[in-house]
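Structure file coords-v3.tsv (TSV, C-alpha atoms) is printed below.
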```tsv
chain	number	residue	atom	x	y	z
A	830	ALA	CA	80.21	145.48	153.09
A	831	GLN	CA	78.83	142.60	155.08
A	832	SER	CA	80.77	141.16	157.98
A	833	VAL	CA	80.36	138.52	160.66
A	834	THR	CA	81.71	138.69	164.20
A	835	GLN	CA	81.89	135.68	166.46
A	836	LEU	CA	82.27	137.05	169.93
A	837	ASP	CA	84.08	134.12	171.53
A	838	SER	CA	87.12	132.40	170.06
A	839	GLN	CA	86.94	129.53	172.55
A	840	VAL	CA	84.13	128.20	174.74
A	841	PRO	CA	84.91	125.50	177.30
A	842	VAL	CA	81.92	123.71	178.80
A	843	PHE	CA	81.19	120.57	180.77
A	844	GLU	CA	79.25	117.71	179.28
A	845	GLU	CA	75.45	118.01	179.63
A	846	ALA	CA	75.67	121.76	180.29
A	847	PRO	CA	73.92	124.27	178.00
A	848	VAL	CA	75.97	126.34	175.59
A	849	GLU	CA	75.50	129.50	173.53
A	850	LEU	CA	77.85	130.54	170.74
A	851	ARG	CA	77.41	134.16	169.79
A	852	CYS	CA	77.35	135.65	166.32
A	853	ASN	CA	76.66	139.18	165.15
A	854	TYR	CA	76.45	140.28	161.54
A	855	SER	CA	76.37	143.58	159.73
A	856	SER	CA	74.26	144.04	156.66
A	857	SER	CA	72.03	146.69	155.21
A	858	VAL	CA	70.00	144.23	153.17
A	859	SER	CA	68.11	141.01	153.74
A	860	VAL	CA	70.44	138.24	154.77
A	861	TYR	CA	70.71	134.53	154.73
A	862	LEU	CA	72.55	133.23	157.79
A	863	PHE	CA	74.24	129.90	158.36
A	864	TRP	CA	76.04	127.95	161.05
A	865	TYR	CA	78.59	125.39	159.91
A	866	VAL	CA	80.52	122.91	162.06
A	867	GLN	CA	84.02	121.60	161.45
A	868	TYR	CA	85.06	118.44	163.28
A	869	PRO	CA	88.82	117.85	163.65
A	870	ASN	CA	90.58	117.27	160.33
A	871	GLN	CA	87.37	117.46	158.35
A	872	GLY	CA	85.58	119.85	156.05
A	873	LEU	CA	82.65	122.00	157.09
A	874	GLN	CA	79.09	120.76	157.24
A	875	LEU	CA	75.87	122.67	157.60
A	876	LEU	CA	74.25	122.79	161.05
A	877	LEU	CA	71.36	125.08	160.22
A	878	LYS	CA	70.34	128.10	158.17
A	879	TYR	CA	68.00	131.06	158.47
A	880	LEU	CA	66.30	132.14	155.27
A	881	SER	CA	63.07	133.84	156.36
A	882	GLY	CA	60.00	133.23	158.49
A	883	SER	CA	60.31	131.92	162.03
A	884	THR	CA	63.20	133.46	163.92
A	885	LEU	CA	63.95	130.21	165.74
A	886	VAL	CA	65.72	127.75	163.50
A	887	LYS	CA	66.33	124.12	164.40
A	888	GLY	CA	69.27	122.23	163.02
A	889	ILE	CA	70.97	118.88	163.27
A	890	ASN	CA	72.34	117.30	166.45
A	891	GLY	CA	69.97	119.24	168.73
A	892	PHE	CA	71.30	122.69	167.88
A	893	GLU	CA	69.08	125.70	167.32
A	894	ALA	CA	69.67	129.37	166.56
A	895	GLU	CA	67.66	132.52	167.00
A	896	PHE	CA	67.65	135.29	164.42
A	897	ASN	CA	67.30	138.73	165.99
A	898	LYS	CA	67.04	141.45	163.37
A	899	SER	CA	67.05	144.38	165.80
A	900	GLN	CA	70.26	143.17	167.43
A	901	THR	CA	71.70	141.78	164.16
A	902	SER	CA	72.50	138.55	165.95
A	903	PHE	CA	72.22	134.85	165.15
A	904	HIS	CA	73.31	133.01	168.30
A	905	LEU	CA	73.63	129.23	168.33
A	906	ARG	CA	72.40	127.25	171.32
A	907	LYS	CA	72.21	123.70	172.60
A	908	PRO	CA	70.52	122.82	175.89
A	909	SER	CA	72.82	119.89	176.72
A	910	VAL	CA	76.14	119.25	175.00
A	911	HIS	CA	77.99	115.99	174.46
A	912	ILE	CA	81.67	115.23	174.16
A	913	SER	CA	81.05	114.62	170.46
A	914	ASP	CA	80.05	118.28	170.01
A	915	THR	CA	83.69	119.29	170.44
A	916	ALA	CA	84.45	121.08	167.17
A	917	GLU	CA	84.88	124.50	165.62
A	918	TYR	CA	81.72	126.38	164.73
A	919	PHE	CA	81.46	129.03	162.05
A	920	CYS	CA	78.76	131.60	161.54
A	921	ALA	CA	78.38	132.82	157.96
A	922	VAL	CA	76.30	135.20	155.88
A	923	SER	CA	75.54	134.78	152.20
A	924	SER	CA	76.60	137.78	150.19
A	925	GLY	CA	76.36	139.45	146.83
A	926	GLY	CA	74.38	136.95	144.84
A	927	TYR	CA	75.03	133.26	144.44
A	928	ASN	CA	76.42	131.54	147.48
A	929	LYS	CA	79.42	133.69	148.35
A	930	LEU	CA	79.83	133.07	152.05
A	931	ILE	CA	81.41	135.50	154.49
A	932	PHE	CA	82.57	133.64	157.57
A	933	GLY	CA	83.26	134.68	161.11
A	934	ALA	CA	86.58	133.76	162.70
A	935	GLY	CA	85.11	130.66	164.32
A	936	THR	CA	84.42	129.52	167.88
A	937	ARG	CA	86.17	126.47	169.22
A	938	LEU	CA	83.80	124.53	171.49
A	939	ALA	CA	85.57	122.21	173.92
A	940	VAL	CA	83.30	119.86	175.86
A	941	HIS	CA	84.88	118.34	178.95
A	942	PRO	CA	83.71	115.28	180.89
B	618	ASN	CA	78.36	109.23	147.62
B	619	ALA	CA	81.52	111.24	146.87
B	620	GLY	CA	80.22	114.83	147.08
B	621	VAL	CA	83.22	117.19	146.86
B	622	THR	CA	86.63	115.57	146.49
B	623	GLN	CA	89.90	117.42	146.99
B	624	THR	CA	93.39	116.17	146.22
B	625	PRO	CA	95.97	116.07	147.63
B	626	LYS	CA	95.19	116.10	151.35
B	627	PHE	CA	98.66	117.32	152.30
B	628	GLN	CA	101.39	119.08	150.34
B	629	VAL	CA	104.73	120.68	151.12
B	630	LEU	CA	106.14	123.12	148.57
B	631	LYS	CA	109.30	125.12	148.35
B	632	THR	CA	109.04	128.85	147.80
B	633	GLY	CA	108.66	129.56	144.09
B	634	GLN	CA	107.30	126.15	143.14
B	635	SER	CA	103.99	125.79	141.39
B	636	MET	CA	101.20	123.32	141.95
B	637	THR	CA	97.53	122.68	141.30
B	638	LEU	CA	94.99	121.77	143.95
B	639	GLN	CA	92.29	119.59	142.47
B	640	CYS	CA	88.58	119.79	143.25
B	641	ALA	CA	85.79	117.70	141.77
B	642	GLN	CA	82.09	117.44	142.59
B	643	ASP	CA	79.51	114.94	141.42
B	644	MET	CA	76.34	116.80	142.37
B	645	ASN	CA	75.98	118.77	139.12
B	646	HIS	CA	76.32	122.03	141.05
B	647	GLU	CA	76.80	125.20	139.05
B	648	TYR	CA	78.51	127.16	141.79
B	649	MET	CA	81.98	126.23	143.04
B	650	SER	CA	84.40	128.15	145.19
B	651	TRP	CA	87.79	128.03	146.91
B	652	TYR	CA	88.42	129.23	150.44
B	653	ARG	CA	91.51	129.38	152.58
B	654	GLN	CA	91.35	128.84	156.32
B	655	ASP	CA	93.85	130.53	158.61
B	656	PRO	CA	93.85	130.51	162.42
B	657	GLY	CA	91.67	133.25	163.90
B	658	MET	CA	90.45	134.39	160.48
B	659	GLY	CA	87.78	131.90	159.55
B	660	LEU	CA	87.47	131.05	155.88
B	661	ARG	CA	88.13	133.62	153.18
B	662	LEU	CA	86.97	133.36	149.59
B	663	ILE	CA	89.75	133.13	147.00
B	664	HIS	CA	87.94	132.56	143.69
B	665	TYR	CA	84.55	131.32	142.65
B	666	SER	CA	82.76	130.10	139.55
B	667	VAL	CA	79.10	130.31	138.64
B	668	GLY	CA	79.35	127.81	135.81
B	669	ALA	CA	81.68	126.30	133.23
B	670	GLY	CA	83.78	129.02	131.63
B	671	ILE	CA	82.87	131.67	134.22
B	672	THR	CA	85.14	132.58	137.13
B	673	ASP	CA	85.59	135.62	139.33
B	674	GLN	CA	87.75	136.84	142.19
B	675	GLY	CA	86.86	136.65	145.84
B	676	GLU	CA	88.32	138.44	148.82
B	677	VAL	CA	91.93	137.16	148.59
B	678	PRO	CA	92.70	136.23	144.95
B	679	ASN	CA	96.33	137.36	144.66
B	680	GLY	CA	98.76	134.55	143.87
B	681	TYR	CA	96.05	132.14	142.72
B	682	ASN	CA	94.54	131.27	139.35
B	683	VAL	CA	91.47	129.22	138.51
B	684	SER	CA	89.65	127.93	135.46
B	685	ARG	CA	86.42	125.97	134.98
B	686	SER	CA	86.31	123.93	131.82
B	687	THR	CA	83.68	121.48	133.07
B	688	THR	CA	80.85	121.60	135.59
B	689	GLU	CA	82.56	118.95	137.71
B	690	ASP	CA	86.09	120.33	138.12
B	691	PHE	CA	87.48	123.54	139.57
B	692	PRO	CA	91.27	123.43	140.05
B	693	LEU	CA	93.20	126.08	141.97
B	694	ARG	CA	96.69	126.95	140.73
B	695	LEU	CA	99.54	128.45	142.67
B	696	LEU	CA	102.00	129.75	140.09
B	697	SER	CA	104.84	130.69	142.45
B	698	ALA	CA	104.23	129.58	146.01
B	699	ALA	CA	105.04	131.90	148.91
B	700	PRO	CA	105.19	131.16	152.66
B	701	SER	CA	102.13	133.43	153.08
B	702	GLN	CA	100.15	130.81	151.16
B	703	THR	CA	100.66	128.25	153.90
B	704	SER	CA	97.08	127.45	154.84
B	705	VAL	CA	94.29	124.90	154.66
B	706	TYR	CA	92.35	125.15	151.42
B	707	PHE	CA	88.73	124.14	151.03
B	708	CYS	CA	86.72	123.69	147.89
B	709	ALA	CA	82.94	124.02	148.09
B	710	SER	CA	80.03	123.60	145.74
B	711	SER	CA	76.36	124.53	145.84
B	712	SER	CA	73.38	124.73	143.55
B	713	GLY	CA	73.97	128.46	143.45
B	714	GLY	CA	71.27	130.43	145.20
B	715	MET	CA	72.14	132.64	148.17
B	716	ASN	CA	69.97	130.46	150.38
B	717	THR	CA	71.50	127.12	149.46
B	718	GLU	CA	73.78	124.84	151.43
B	719	ALA	CA	77.45	124.76	150.49
B	720	PHE	CA	79.09	121.33	150.45
B	721	PHE	CA	82.76	121.29	151.39
B	722	GLY	CA	85.63	118.99	150.59
B	723	GLN	CA	87.92	117.58	153.25
B	724	GLY	CA	90.56	120.23	152.66
B	725	THR	CA	94.18	120.40	151.49
B	726	ARG	CA	96.79	121.35	154.07
B	727	LEU	CA	99.54	123.23	152.23
B	728	THR	CA	102.86	124.21	153.73
B	729	VAL	CA	105.25	126.47	151.81
B	730	VAL	CA	108.83	126.46	153.13
```
When written as structure tokens, how does the structure in this file appear?
Amino acid sequence: AQSVTQLDSQVPVFEEAPVELRCNYSSSVSVYLFWYVQYPNQGLQLLLKYLSGSTLVKGINGFEAEFNKSQTSFHLRKPSVHISDTAEYFCAVSSGGYNKLIFGAGTRLAVHP
Amino acid sequence: NAGVTQTPKFQVLKTGQSMTLQCAQDMNHEYMSWYRQDPGMGLRLIHYSVGAGITDQGEVPNGYNVSRSTTEDFPLRLLSAAPSQTSVYFCASSSGGMNTEAFFGQGTRLTVV
């Protein structure tokens, strides 16, 4: 069965610093990988997705992620964070046909001034 | 530009009561799903539907029923609420393929006392 592990439950960082949120997945088949963001008291919205092709994926709000098949990782990065990036971030893999998403436990990013 | 609409936003139930969480989408998506979000566990799939009249169980279906009589609506029913069902519930829709973006509602925060 597929699974997703987010290695950090919380990541505190100062404004304008770089950040990396780590995600590992397990799958024996081709995967589609996603990062979603949840701002306080809101639903989830898509940041970016990896389908195939280039291993570096660019998303909204300056975020990017790198797919690494050998390490089964899909880490999310941003070179300079803003206070407005404070949110919870979820890594997910699409499973079993249709869009059945398996989510990691989430990483809470707290950006401090 | 409604997208996915969930009602109610908040609900308090007594143990044993029943209720229906409503979900409607206006994007003509075939695929709809219900997730519950619990601290430290990410989102877990409860039930999903791949079209009107077709539903199936996800990872945590016990205690919940669904039906899909129209493309637009996908209600989630709790027949006899239990404290373990205290959670935040999200409805999502997508055009169906494994590589497609899921659009989420704003969530329903349910407390069972």
Tell me the residues of chain A close to chain B, meaning within 7 Å using only C-alpha atoms, as a compact mmCIF listing (two decimals) with C-alpha atoms, in the frame of the given file.
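Resulting contents of part.txt:
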```txt
# COMPACT_ATOMS: atom_id res chain seq x y z
CA TYR A 861 70.71 134.53 154.73
CA GLN A 871 87.37 117.46 158.35
CA GLY A 872 85.58 119.85 156.05
CA LEU A 873 82.65 122.00 157.09
CA GLN A 874 79.09 120.76 157.24
CA LEU A 875 75.87 122.67 157.60
CA LEU A 880 66.30 132.14 155.27
CA SER A 923 75.54 134.78 152.20
CA GLY A 926 74.38 136.95 144.84
CA TYR A 927 75.03 133.26 144.44
CA ASN A 928 76.42 131.54 147.48
CA PHE A 932 82.57 133.64 157.57
CA GLY A 933 83.26 134.68 161.11
CA ALA A 934 86.58 133.76 162.70
CA GLY A 935 85.11 130.66 164.32
```
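One finds atom CA of B:Ser686 at 26.7 Å from atom CA of B:Thr703.
Nearest residue to A:Ser856, choosing from A:Leu905, A:Val833, A:Ala894, A:Val842 and counting all atoms listed in the file: A:Val833.
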To one decimal place, how far is atom CA of B:Leu638 from atom CA of B:Gln623 in Å?
7.4 Å
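The nearest approach to B:Thr622 among the residues B:Asp690, B:Leu696, B:Ala669, B:Ala641, with only C-alpha atoms taken into account, belongs to B:Ala641.
Of the listed residues (A:Ser883, A:Ser909, A:Glu895, A:Ala921), A:Ala921 comes nearest to A:Phe863; the distances count all atoms listed in the file.
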One decimal, Å: what's the distance from atom CA of A:Leu862 over to atom CA of B:Val677, could you say?
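Atom CA of A:Leu862 sits 21.8 Å away from atom CA of B:Val677.
The shortest atom-to-atom distance to B:Ile671, with all atoms listed in the file taken into account, belongs to B:Thr688 out of B:Thr728, B:Thr688, B:Leu630, B:Arg694.
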Long-range neighbours of A:Ser913 as a ChimeraX atom specification, 12 Å cut-off, all atoms listed in the file, 4 positions minimum in chain
/A:843-845,866-869,890,909,917,938-942
Considering all atoms listed in the file, can you say which of A:Lys898, A:Thr834, A:Arg906, A:Tyr879 comes closest to A:Ala846?
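Selected residue with least distance to A:Ala846: A:Arg906.
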List the residues sitting within 10 Å of (78.4, 125.8, 168.0) in the file's frame, using all atoms listed in the file, as an NGL selection string.
:A and (840 or 848-851 or 864-867 or 876 or 892-894 or 904-907 or 910 or 914-920 or 935-939)
Repaired coordinates for stretch 641-668 of chain B (N, CA and C atoms) as a short mmCIF file (atom, residue, chain, number, x, y, z; two decimals), in the coordinates of the input:
```
data_model
loop_
_atom_site.label_atom_id
_atom_site.label_comp_id
_atom_site.auth_asym_id
_atom_site.auth_seq_id
_atom_site.Cartn_x
_atom_site.Cartn_y
_atom_site.Cartn_z
N ALA B 641 86.82 118.27 142.64
CA ALA B 641 85.79 117.70 141.77
C ALA B 641 84.53 117.46 142.57
N GLN B 642 83.38 117.72 141.94
CA GLN B 642 82.09 117.44 142.59
C GLN B 642 81.20 116.66 141.64
N ASP B 643 80.37 115.80 142.23
CA ASP B 643 79.51 114.94 141.42
C ASP B 643 78.04 115.23 141.66
N MET B 644 77.72 116.44 142.06
CA MET B 644 76.34 116.80 142.37
C MET B 644 75.72 117.70 141.30
N ASN B 645 76.45 117.92 140.22
CA ASN B 645 75.98 118.77 139.12
C ASN B 645 75.70 120.20 139.59
N HIS B 646 76.49 120.67 140.55
CA HIS B 646 76.32 122.03 141.05
C HIS B 646 76.97 123.03 140.10
N GLU B 647 76.26 124.15 139.91
CA GLU B 647 76.80 125.20 139.05
C GLU B 647 77.86 126.03 139.77
N TYR B 648 77.66 126.24 141.05
CA TYR B 648 78.51 127.16 141.79
C TYR B 648 79.60 126.40 142.53
N MET B 649 80.85 126.82 142.30
CA MET B 649 81.98 126.23 143.04
C MET B 649 82.89 127.36 143.52
N SER B 650 83.57 127.10 144.61
CA SER B 650 84.40 128.15 145.19
C SER B 650 85.58 127.56 145.94
N TRP B 651 86.61 128.38 146.13
CA TRP B 651 87.79 128.03 146.91
C TRP B 651 87.92 129.01 148.06
N TYR B 652 88.18 128.44 149.25
CA TYR B 652 88.42 129.23 150.44
C TYR B 652 89.77 128.81 151.03
N ARG B 653 90.38 129.74 151.75
CA ARG B 653 91.51 129.38 152.58
C ARG B 653 91.16 129.64 154.03
N GLN B 654 91.64 128.75 154.90
CA GLN B 654 91.35 128.84 156.32
C GLN B 654 92.64 129.09 157.08
N ASP B 655 92.69 130.17 157.80
CA ASP B 655 93.85 130.53 158.61
C ASP B 655 93.40 130.75 160.05
N PRO B 656 94.24 130.41 161.01
CA PRO B 656 93.85 130.51 162.42
C PRO B 656 93.36 131.91 162.78
N GLY B 657 92.22 131.97 163.44
CA GLY B 657 91.67 133.25 163.90
C GLY B 657 91.05 134.10 162.81
N MET B 658 91.00 133.58 161.58
CA MET B 658 90.45 134.39 160.48
C MET B 658 89.28 133.73 159.78
N GLY B 659 88.88 132.57 160.23
CA GLY B 659 87.78 131.90 159.55
C GLY B 659 88.19 131.47 158.15
N LEU B 660 87.21 131.40 157.27
CA LEU B 660 87.47 131.05 155.88
C LEU B 660 87.29 132.29 155.02
N ARG B 661 88.21 132.47 154.08
CA ARG B 661 88.13 133.62 153.18
C ARG B 661 88.07 133.14 151.74
N LEU B 662 87.22 133.77 150.96
CA LEU B 662 86.97 133.36 149.59
C LEU B 662 88.11 133.80 148.68
N ILE B 663 88.64 132.85 147.91
CA ILE B 663 89.75 133.13 147.00
C ILE B 663 89.21 133.42 145.61
N HIS B 664 88.57 132.44 145.01
CA HIS B 664 87.94 132.56 143.69
C HIS B 664 86.65 131.76 143.70
N TYR B 665 85.76 132.09 142.78
CA TYR B 665 84.55 131.32 142.65
C TYR B 665 84.15 131.24 141.18
N SER B 666 83.24 130.31 140.91
CA SER B 666 82.76 130.10 139.55
C SER B 666 81.26 129.85 139.60
N VAL B 667 80.55 130.49 138.67
CA VAL B 667 79.10 130.31 138.64
C VAL B 667 78.67 129.38 137.51
N GLY B 668 79.64 128.77 136.86
CA GLY B 668 79.35 127.81 135.81
C GLY B 668 80.58 127.60 134.95
#
```
